[in-house]
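Source file model25.txt; content: compact mmCIF, C-alpha atoms.
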```txt
# COMPACT_ATOMS: atom_id res chain seq x y z
CA MET A 1 -6.33 5.69 -9.05
CA LYS A 2 -5.12 3.92 -5.93
CA VAL A 3 -2.74 5.94 -3.78
CA ALA A 4 -0.84 5.26 -0.58
CA ALA A 5 0.29 7.46 2.31
CA LEU A 6 3.17 5.78 4.12
CA GLN A 7 3.41 6.46 7.85
CA MET A 8 6.80 6.01 9.49
CA VAL A 9 8.51 6.37 12.85
CA THR A 10 11.86 7.57 11.60
CA SER A 11 15.01 6.97 13.66
CA THR A 12 18.43 8.61 13.79
CA ARG A 13 19.91 5.98 11.42
CA TRP A 14 19.60 6.27 7.64
CA ASP A 15 20.03 2.53 7.03
CA ALA A 16 17.18 1.61 9.39
CA ASN A 17 14.94 4.29 7.89
CA ARG A 18 15.76 3.11 4.36
CA ASP A 19 14.77 -0.44 5.27
CA GLN A 20 11.52 0.74 6.90
CA ALA A 21 10.66 2.87 3.86
CA TRP A 22 11.43 0.02 1.45
CA ALA A 23 9.14 -2.38 3.32
CA LEU A 24 6.28 0.13 3.25
CA LEU A 25 6.83 0.94 -0.43
CA GLN A 26 6.70 -2.77 -1.27
CA GLN A 27 3.48 -3.15 0.70
CA ALA A 28 1.91 -0.21 -1.14
CA ALA A 29 2.99 -1.47 -4.56
CA HIS A 30 1.74 -4.99 -3.89
CA ALA A 31 -1.63 -3.50 -2.86
CA GLY A 32 -1.90 -1.84 -6.28
CA ALA A 33 -0.95 1.74 -5.46
CA GLU A 34 0.15 3.83 -8.44
CA LEU A 35 1.44 6.63 -6.20
CA ALA A 36 3.16 6.22 -2.83
CA VAL A 37 4.02 9.17 -0.59
CA LEU A 38 6.63 8.97 2.18
CA PRO A 39 6.52 11.36 5.17
CA GLU A 40 8.64 14.41 5.84
CA TYR A 41 12.10 13.49 7.17
CA PHE A 42 11.64 9.87 6.07
CA CYS A 43 15.43 9.57 5.87
CA LEU A 44 16.45 10.90 9.30
CA MET A 45 15.22 12.54 12.48
CA GLY A 46 18.49 13.46 14.14
CA HIS A 47 19.38 14.18 17.74
CA LYS A 48 20.16 17.78 16.71
CA ASP A 49 18.80 20.04 13.97
CA THR A 50 22.31 20.32 12.55
CA ASP A 51 22.44 16.56 11.85
CA LYS A 52 20.67 17.39 8.58
CA LEU A 53 23.73 19.27 7.38
CA ALA A 54 25.97 16.20 7.34
CA LEU A 55 23.38 14.20 5.41
CA ALA A 56 22.68 16.81 2.71
CA GLU A 57 23.03 15.68 -0.90
CA PRO A 58 23.61 17.65 -4.10
CA LEU A 59 20.64 17.46 -6.45
CA GLY A 60 20.91 14.35 -8.60
CA HIS A 61 23.47 12.49 -6.50
CA GLY A 62 23.57 10.55 -3.25
CA PRO A 63 22.25 7.40 -1.58
CA MET A 64 18.86 8.82 -0.59
CA GLN A 65 18.01 10.02 -4.09
CA GLN A 66 19.36 6.78 -5.55
CA PHE A 67 17.16 4.79 -3.19
CA LEU A 68 14.05 6.68 -4.29
CA ALA A 69 14.88 6.35 -8.00
CA ASP A 70 15.71 2.65 -7.72
CA SER A 71 12.60 1.91 -5.65
CA ALA A 72 10.30 3.68 -8.12
CA ARG A 73 11.85 1.80 -11.03
CA GLU A 74 11.86 -1.61 -9.34
CA LEU A 75 8.28 -1.34 -8.03
CA GLY A 76 6.88 0.48 -11.08
CA VAL A 77 5.17 3.21 -9.01
CA TRP A 78 5.36 6.97 -8.63
CA ILE A 79 7.16 7.83 -5.40
CA VAL A 80 7.11 11.14 -3.55
CA GLY A 81 10.13 11.02 -1.28
CA GLY A 82 8.61 12.84 1.68
CA THR A 83 11.48 15.19 2.30
CA LEU A 84 15.24 14.85 2.37
CA PRO A 85 17.97 17.46 2.89
CA LEU A 86 19.49 18.87 -0.30
CA GLN A 87 22.48 21.18 -0.27
CA GLY A 88 21.44 24.73 0.52
CA PRO A 89 22.71 28.22 -0.21
CA ASP A 90 25.50 28.00 2.43
CA ALA A 91 27.20 25.51 4.71
CA GLN A 92 24.80 26.23 7.60
CA HIS A 93 21.52 25.58 5.73
CA VAL A 94 19.88 22.87 3.64
CA PHE A 95 16.69 22.77 1.62
CA ASN A 96 13.99 20.48 2.98
CA SER A 97 13.04 19.02 -0.38
CA SER A 98 10.26 16.78 -1.64
CA LEU A 99 11.38 14.85 -4.73
CA VAL A 100 9.04 13.01 -7.10
CA PHE A 101 10.22 9.99 -9.10
CA SER A 102 8.37 8.36 -11.99
CA PRO A 103 8.00 4.58 -12.43
CA GLN A 104 10.98 4.82 -14.80
CA GLY A 105 13.12 6.08 -11.93
CA GLU A 106 13.39 9.60 -13.35
CA ARG A 107 13.07 12.68 -11.18
CA ALA A 108 9.83 14.41 -12.22
CA ALA A 109 9.63 17.28 -9.72
CA ARG A 110 11.37 18.99 -6.84
CA TYR A 111 9.64 21.14 -4.23
CA ASP A 112 11.55 22.94 -1.48
CA LYS A 113 9.42 23.54 1.62
CA MET A 114 8.41 27.20 1.61
CA HIS A 115 6.99 27.78 5.12
CA LEU A 116 9.36 26.89 7.96
CA PHE A 117 7.96 25.72 11.28
CA CYS A 118 8.51 27.74 14.45
CA TYR A 119 6.74 26.90 17.73
CA ALA A 120 7.51 27.08 21.43
CA ASN A 121 5.63 26.32 24.62
CA ALA A 122 6.74 25.57 28.17
CA THR A 123 8.19 22.15 27.28
CA GLU A 124 9.19 22.14 23.60
CA ALA A 125 10.62 24.53 21.02
CA TYR A 126 11.25 24.27 17.28
CA ASP A 127 12.69 26.69 14.74
CA GLU A 128 13.43 25.26 11.30
CA HIS A 129 15.00 28.53 10.17
CA ARG A 130 18.15 27.57 12.10
CA VAL A 131 19.27 25.05 9.49
CA ILE A 132 16.71 25.13 6.63
CA ALA A 133 16.54 27.62 3.77
CA PRO A 134 12.98 28.25 2.50
CA GLY A 135 11.85 27.41 -0.99
CA ARG A 136 10.43 30.14 -3.20
CA GLU A 137 8.09 28.56 -5.74
CA PRO A 138 4.96 26.35 -5.67
CA VAL A 139 5.42 23.13 -7.65
CA PHE A 140 3.00 20.65 -9.18
CA PHE A 141 3.42 17.70 -11.52
CA ASP A 142 1.22 15.68 -13.86
CA LEU A 143 0.68 11.94 -13.48
CA ALA A 144 -0.94 9.76 -16.13
CA SER A 145 -2.89 7.10 -14.26
CA GLN A 146 -3.43 3.60 -15.58
CA ASP A 147 -7.03 4.39 -16.51
CA GLY A 148 -5.88 7.16 -18.85
CA HIS A 149 -6.57 10.27 -16.75
CA ILE A 150 -4.01 13.01 -16.25
CA TRP A 151 -3.92 13.98 -12.58
CA ARG A 152 -2.39 17.32 -11.67
CA ILE A 153 -0.82 17.01 -8.23
CA GLY A 154 0.21 19.92 -5.99
CA LEU A 155 3.15 19.54 -3.64
CA SER A 156 3.44 20.88 -0.10
CA VAL A 157 5.13 19.92 3.17
CA CYS A 158 3.89 19.91 6.77
CA TYR A 159 3.79 23.54 8.06
CA ASP A 160 2.69 24.67 4.58
CA LEU A 161 -0.69 23.27 5.62
CA ARG A 162 -1.39 26.43 7.63
CA PHE A 163 -1.13 28.66 4.55
CA PRO A 164 -4.22 28.14 2.38
CA GLU A 165 -3.01 30.47 -0.36
CA LEU A 166 -0.47 27.85 -1.49
CA TYR A 167 -3.20 25.26 -2.02
CA ARG A 168 -5.43 27.79 -3.76
CA LEU A 169 -2.61 28.41 -6.25
CA HIS A 170 -2.47 24.67 -6.90
CA ALA A 171 -6.24 24.50 -7.40
CA GLN A 172 -6.17 27.48 -9.76
CA ALA A 173 -3.52 25.61 -11.77
CA GLY A 174 -5.92 22.66 -12.04
CA ALA A 175 -4.67 20.37 -9.28
CA GLN A 176 -7.08 17.60 -8.29
CA LEU A 177 -4.82 16.06 -5.61
CA LEU A 178 -2.81 17.83 -2.90
CA LEU A 179 0.05 16.05 -1.11
CA VAL A 180 1.16 16.85 2.44
CA PRO A 181 4.13 14.77 3.67
CA SER A 182 4.54 15.84 7.29
CA ALA A 183 6.09 15.43 10.72
CA PHE A 184 3.51 17.31 12.82
CA THR A 185 4.33 17.47 16.51
CA TYR A 186 1.97 15.63 18.84
CA THR A 187 0.88 18.95 20.37
CA THR A 188 -0.01 20.79 17.18
CA GLY A 189 -1.24 17.68 15.42
CA GLN A 190 -3.72 16.81 18.13
CA ALA A 191 -5.11 20.33 17.93
CA HIS A 192 -5.18 21.08 14.22
CA TRP A 193 -3.99 18.30 11.86
CA GLU A 194 -7.28 16.76 10.71
CA LEU A 195 -9.07 20.11 10.80
CA LEU A 196 -6.52 21.67 8.45
CA LEU A 197 -6.38 18.72 6.05
CA ARG A 198 -10.15 18.60 5.70
CA ALA A 199 -10.31 22.38 5.27
CA ARG A 200 -7.76 22.33 2.44
CA ALA A 201 -9.78 19.58 0.72
CA VAL A 202 -13.09 21.43 1.04
CA GLU A 203 -11.72 24.85 0.07
CA ASN A 204 -10.21 23.51 -3.13
CA LEU A 205 -12.59 20.62 -3.88
CA SER A 206 -9.49 18.45 -4.15
CA TYR A 207 -8.35 15.13 -2.78
CA VAL A 208 -5.73 15.47 -0.03
CA LEU A 209 -3.20 12.75 0.78
CA ALA A 210 -1.10 13.25 3.92
CA ALA A 211 1.76 10.94 4.90
CA ALA A 212 2.96 11.59 8.43
CA GLN A 213 5.48 10.60 11.04
CA GLY A 214 3.57 8.85 13.80
CA GLY A 215 5.05 7.80 17.10
CA ALA A 216 7.85 8.14 19.65
CA HIS A 217 11.23 8.68 17.99
CA ASP A 218 14.58 7.70 19.45
CA ASN A 219 15.65 11.37 19.53
CA GLY A 220 12.93 12.02 22.13
CA ARG A 221 10.47 13.68 19.75
CA ARG A 222 6.84 12.55 19.52
CA THR A 223 4.85 13.02 16.33
CA TRP A 224 1.09 12.96 15.85
CA GLY A 225 0.70 10.53 12.96
CA HIS A 226 -2.87 10.11 11.68
CA SER A 227 -1.81 9.78 8.05
CA MET A 228 -4.95 10.04 5.96
CA ALA A 229 -6.69 10.50 2.65
CA VAL A 230 -9.50 13.07 2.43
CA ASN A 231 -11.96 13.44 -0.44
CA PRO A 232 -13.04 16.78 -2.00
CA TRP A 233 -16.16 16.84 0.21
CA GLY A 234 -13.97 16.82 3.32
CA GLU A 235 -14.63 13.21 4.30
CA VAL A 236 -11.79 11.09 5.68
CA MET A 237 -11.49 8.08 3.38
CA ALA A 238 -8.79 6.18 5.28
CA MET A 239 -6.51 6.87 8.25
CA GLN A 240 -3.92 5.29 10.53
CA ALA A 241 -3.49 6.82 13.97
CA SER A 242 0.01 5.78 15.00
CA GLU A 243 3.05 3.63 14.24
CA ALA A 244 4.31 2.62 10.80
CA GLY A 245 1.83 1.52 8.17
CA VAL A 246 0.24 2.07 4.77
CA VAL A 247 -2.95 4.11 4.25
CA LEU A 248 -4.62 3.20 0.95
CA ALA A 249 -7.35 5.09 -0.88
CA ASP A 250 -9.04 4.90 -4.29
CA LEU A 251 -9.39 8.30 -5.94
CA ASP A 252 -12.36 8.70 -8.29
CA TRP A 253 -11.69 11.07 -11.19
CA ALA A 254 -15.34 11.38 -12.22
CA ALA A 255 -16.51 12.03 -8.67
CA GLN A 256 -13.94 14.79 -8.22
CA GLN A 257 -15.10 16.47 -11.43
CA GLN A 258 -18.71 16.12 -10.32
CA TRP A 259 -18.05 17.77 -6.94
CA ARG A 260 -16.50 20.76 -8.70
CA ALA A 261 -19.36 20.96 -11.20
CA GLN A 262 -22.06 20.77 -8.52
CA LEU A 263 -20.38 23.37 -6.30
CA PRO A 264 -18.33 25.65 -8.58
CA ALA A 265 -16.85 27.63 -5.70
CA LEU A 266 -13.47 27.96 -7.40
CA GLN A 267 -15.18 29.93 -10.18
CA HIS A 268 -16.93 32.21 -7.70
CA ARG A 269 -13.77 33.76 -6.18
CA VAL A 270 -13.87 37.54 -6.08
CA CYS A 271 -10.53 38.20 -4.36
```
Is it possible to give me this structure as structure tokens?
Amino acid sequence: MKVAALQMVTSTRWDANRDQAWALLQQAAHAGAELAVLPEYFCLMGHKDTDKLALAEPLGHGPMQQFLADSARELGVWIVGGTLPLQGPDAQHVFNSSLVFSPQGERAARYDKMHLFCYANATEAYDEHRVIAPGREPVFFDLASQDGHIWRIGLSVCYDLRFPELYRLHAQAGAQLLLVPSAFTYTTGQAHWELLLRARAVENLSYVLAAAQGGAHDNGRRTWGHSMAVNPWGEVMAMQASEAGVVLADLDWAAQQQWRAQLPALQHRVC
């Protein structure tokens, strides 16, 4: 199955981000991708954290969800909409939600980011708890590829990557592919991004596909990029360091099954 991680440099304007996402989705579809994954915050990276509140949509309605559904239907591909803000439990919080749409334009899954990023050093500070409510449940979905295989795909978002127990739950449920739409900061990404992605692949003998934000944003933030696909042996299959682009990779069902058969580490867990 051919898959695509779409790297963006999201701005503060929804219309510009929509156009950038559409161009990348077209490029992925024309290259033969069956699954295309947008990055976290593909729709907006505002000047303030609270900008998310004004953009929040109710589940099932709104221009961002309509864009994802229409794009999936028109291009005939599965689309994972990175993340977008859905209405939260109160007026001060949203859910940072990853929505999956089938080639028929139907919503197939929703995952609300569970682990919320918090980091501060001498020059930068982030705390997603200010405006984001955490999700509570792991989510996976099943995709029937064109060659007849049923791929179980585990969902996660960005800071989740530092919590291996989430990915182990996906692997125990049978997931062969783990998705990580992200907006890693330049600081933390340079230090840990590739290391963590490869570790999650090796630990779970799963493919990992990570779509990232990658560049200097007009709100002053800088993201690490390096969108990539990693195979179950921990090898980077394809990667783009910075700026917008499409990272393509061919996932081999038989090879993934063989890796797990040759090294049955998932069966050897004792705790």
Neighbour list for Leu266 of chain A as a compact mmCIF listing (two decimals) with C-alpha atoms, keeping the file's coordinate frame, cut-off 9 Å, only C-alpha atoms, skip fewer than 4 positions in-chain:
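selection19.txt, freshly written:
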```txt
# COMPACT_ATOMS: atom_id res chain seq x y z
CA ARG A 168 -5.43 27.79 -3.76
CA ALA A 171 -6.24 24.50 -7.40
CA GLN A 172 -6.17 27.48 -9.76
CA GLU A 203 -11.72 24.85 0.07
CA ASN A 204 -10.21 23.51 -3.13
CA LEU A 205 -12.59 20.62 -3.88
CA ARG A 260 -16.50 20.76 -8.70
```
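The nearest approach to Gly62 of chain A among the residues A:Thr187, A:Gln87, A:Gln267, A:Ser242, with only C-alpha atoms taken into account, belongs to A:Gln87.
Reported to one decimal place, the separation of atom CA of Pro232 of chain A from atom CA of Arg200 of chain A is 8.9 Å.
Among the candidate residues A:Val246, A:Leu178, A:Val9, A:Ala254, the one lying nearest to Ala29 of chain A is A:Val246, with distances computed using all atoms listed in the file.
Of the residues listed (A:Tyr186, A:Gly245, A:Asp70, A:Phe42), A:Gly245 shows the shortest atom-to-atom separation from Ala28 of chain A; distances use all atoms listed in the file.
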